[in-house]
Amino acid sequence: MDEYEKIVNYYLERINRGEIEFDQIRKELEEKNVDAPSISIIIRKIDDELIHHTTNQYRLATLKNLAVFGGVLTALGLVTIIISFLGLLNTRSQEIIVFAYGPFFSGIFILLAAIRKKNQKGKIFSKEKSLFDKVGKRLN
């Protein structure tokens, strides 16, 4: 671990504990007589980590909502299937069969896809830049 990473981790821990705000870091580093290029590198790394953390929280919340939606859709489909088996819903026509089984299988698919994506931590939580970021960097 190089010196910059130690400093970045130190300030990230302080931010998480609520001891310091992001905009106060530069002032504190200047008071410690750290040179301007090093301050820029440290600030940039801290900013990248904070953005990465916020993005991951958003992605996790989105996946949780998607899993809940898939579960609700599966439950509604299951209720529709049970109602059709009880004879309360006429399942002789093709439209009713799609109406009865479509939500069930769609909900299972959505639920399993969300769970699978959540368990792929390497891909969803990676710091790899998106294609948009890569192209934008080349244009600048």
# chains A, B, ... in the order shown; residues from 1 in each chain; ligands from 1
call {"tool": "closest_atom_pairs", "arguments": {"of": "stretch 65-90 of chain A", "to": "stretch 37-61 of chain A", "cutoff": "12 Å", "atoms": "only C-alpha atoms", "output": "tab-separated table"}}
result
residue	atom	partner	partner_atom	distance
A:Asn65	CA	A:Ala61	CA	6.2
A:Leu66	CA	A:Ala61	CA	8.6
A:Ala67	CA	A:Ala61	CA	9.9
A:Val68	CA	A:Ala61	CA	10.6
call {"tool": "write_last_selection", "arguments": {"atoms": "C-alpha atoms", "output": "compact mmCIF listing (two decimals), in the first residue's frame"}}
result
# COMPACT_ATOMS: atom_id res chain seq x y z
CA ASN A 65 -36.42 -3.32 -5.70
CA LEU A 66 -36.20 -5.50 -8.80
CA ALA A 67 -36.12 -8.66 -6.65
CA VAL A 68 -39.18 -7.47 -4.69
call {"tool": "closest_residue", "arguments": {"among": "A:Tyr10, A:Phe104, A:Tyr4, A:Phe99", "to": "A:Ala75", "atoms": "only C-alpha atoms"}}
result
A:Phe104
call {"tool": "atom_distance", "arguments": {"atom1": "atom CA of A:Asn119", "atom2": "atom CA of A:Leu76"}}
result
25.5 Å
call {"tool": "atom_distance", "arguments": {"atom1": "atom CA of A:Phe109", "atom2": "atom CA of A:Val72"}}
result
12.1 Å
call {"tool": "closest_residue", "arguments": {"among": "A:Leu63, A:Ala36, A:Val98, A:Leu73", "to": "A:Ile115", "atoms": "only C-alpha atoms"}}
result
A:Leu63
call {"tool": "decode", "arguments": {"residues": "stretch 6-117 of chain A", "atoms": "C-alpha atoms", "output": "short mmCIF file (atom, residue, chain, number, x, y, z; two decimals), in the first residue's frame"}}
result
data_model
loop_
_atom_site.label_atom_id
_atom_site.label_comp_id
_atom_site.auth_asym_id
_atom_site.auth_seq_id
_atom_site.Cartn_x
_atom_site.Cartn_y
_atom_site.Cartn_z
CA LYS A 6 -2.89 5.22 3.40
CA ILE A 7 -3.85 8.89 3.38
CA VAL A 8 -6.98 8.19 1.30
CA ASN A 9 -8.06 5.39 3.66
CA TYR A 10 -7.42 7.64 6.66
CA TYR A 11 -9.67 10.37 5.30
CA LEU A 12 -12.34 7.93 4.13
CA GLU A 13 -12.54 6.50 7.63
CA ARG A 14 -12.84 10.00 9.06
CA ILE A 15 -15.61 10.85 6.58
CA ASN A 16 -17.48 7.64 7.47
CA ARG A 17 -17.21 8.45 11.18
CA GLY A 18 -18.50 11.98 10.49
CA GLU A 19 -15.38 13.68 11.81
CA ILE A 20 -14.69 15.64 8.64
CA GLU A 21 -16.49 16.81 5.52
CA PHE A 22 -15.13 16.33 2.02
CA ASP A 23 -14.57 20.05 1.44
CA GLN A 24 -12.44 20.32 4.61
CA ILE A 25 -9.87 17.79 3.45
CA ARG A 26 -8.05 20.17 1.13
CA LYS A 27 -7.76 22.79 3.89
CA GLU A 28 -6.40 20.25 6.34
CA LEU A 29 -3.85 18.96 3.85
CA GLU A 30 -2.74 22.52 3.05
CA GLU A 31 -2.28 23.18 6.77
CA LYS A 32 -0.04 20.10 6.93
CA ASN A 33 2.08 21.64 4.14
CA VAL A 34 1.33 18.94 1.56
CA ASP A 35 2.28 20.03 -1.96
CA ALA A 36 -0.47 20.96 -4.42
CA PRO A 37 -0.02 18.04 -6.90
CA SER A 38 -0.22 15.53 -4.04
CA ILE A 39 -3.34 17.23 -2.68
CA SER A 40 -4.96 16.97 -6.12
CA ILE A 41 -4.15 13.25 -6.34
CA ILE A 42 -5.46 12.56 -2.84
CA ILE A 43 -8.65 14.56 -3.38
CA ARG A 44 -9.28 12.83 -6.70
CA LYS A 45 -8.81 9.37 -5.16
CA ILE A 46 -11.10 10.17 -2.23
CA ASP A 47 -13.72 11.54 -4.62
CA ASP A 48 -13.50 8.40 -6.78
CA GLU A 49 -13.98 6.18 -3.73
CA LEU A 50 -16.98 8.17 -2.49
CA ILE A 51 -18.61 8.10 -5.93
CA HIS A 52 -17.94 4.37 -6.23
CA HIS A 53 -19.50 3.76 -2.81
CA THR A 54 -22.59 5.85 -3.64
CA THR A 55 -23.01 4.15 -7.01
CA ASN A 56 -22.83 0.71 -5.39
CA GLN A 57 -25.48 1.68 -2.85
CA TYR A 58 -27.75 2.84 -5.68
CA ARG A 59 -27.17 -0.37 -7.63
CA LEU A 60 -27.91 -2.52 -4.59
CA ALA A 61 -31.13 -0.62 -3.90
CA THR A 62 -32.18 -1.04 -7.53
CA LEU A 63 -31.50 -4.78 -7.42
CA LYS A 64 -33.44 -5.15 -4.17
CA ASN A 65 -36.42 -3.32 -5.70
CA LEU A 66 -36.20 -5.50 -8.80
CA ALA A 67 -36.12 -8.66 -6.65
CA VAL A 68 -39.18 -7.47 -4.69
CA PHE A 69 -41.00 -6.70 -7.95
CA GLY A 70 -40.14 -10.18 -9.26
CA GLY A 71 -41.37 -11.77 -6.02
CA VAL A 72 -44.66 -9.86 -6.10
CA LEU A 73 -45.18 -10.72 -9.77
CA THR A 74 -44.47 -14.39 -9.04
CA ALA A 75 -46.94 -14.38 -6.14
CA LEU A 76 -49.65 -12.76 -8.28
CA GLY A 77 -49.01 -15.32 -11.01
CA LEU A 78 -49.17 -18.14 -8.49
CA VAL A 79 -52.49 -16.85 -7.14
CA THR A 80 -53.83 -16.68 -10.70
CA ILE A 81 -52.70 -20.26 -11.38
CA ILE A 82 -54.32 -21.51 -8.16
CA ILE A 83 -57.55 -19.71 -9.04
CA SER A 84 -57.50 -21.34 -12.48
CA PHE A 85 -56.93 -24.80 -10.96
CA LEU A 86 -59.85 -24.27 -8.60
CA GLY A 87 -62.05 -23.65 -11.60
CA LEU A 88 -62.83 -20.05 -10.76
CA LEU A 89 -61.07 -18.92 -13.92
CA ASN A 90 -61.79 -20.45 -17.31
CA THR A 91 -58.43 -21.57 -18.73
CA ARG A 92 -59.71 -23.06 -21.98
CA SER A 93 -58.86 -20.01 -24.06
CA GLN A 94 -55.26 -19.14 -24.96
CA GLU A 95 -55.49 -15.59 -23.57
CA ILE A 96 -56.35 -16.81 -20.09
CA ILE A 97 -53.46 -19.30 -20.09
CA VAL A 98 -51.01 -16.51 -20.91
CA PHE A 99 -52.67 -14.35 -18.26
CA ALA A 100 -52.36 -17.14 -15.68
CA TYR A 101 -48.83 -18.40 -16.38
CA GLY A 102 -47.15 -15.31 -17.86
CA PRO A 103 -46.77 -13.32 -14.61
CA PHE A 104 -45.59 -16.39 -12.71
CA PHE A 105 -42.74 -17.27 -15.06
CA SER A 106 -41.88 -13.62 -15.72
CA GLY A 107 -41.69 -12.95 -12.00
CA ILE A 108 -39.46 -15.96 -11.42
CA PHE A 109 -37.19 -14.84 -14.25
CA ILE A 110 -36.93 -11.27 -12.88
CA LEU A 111 -36.37 -12.49 -9.32
CA LEU A 112 -33.64 -14.95 -10.31
CA ALA A 113 -31.95 -12.41 -12.61
CA ALA A 114 -31.82 -9.84 -9.78
CA ILE A 115 -30.44 -12.38 -7.30
CA ARG A 116 -27.86 -13.58 -9.84
CA LYS A 117 -26.74 -10.04 -10.61
#
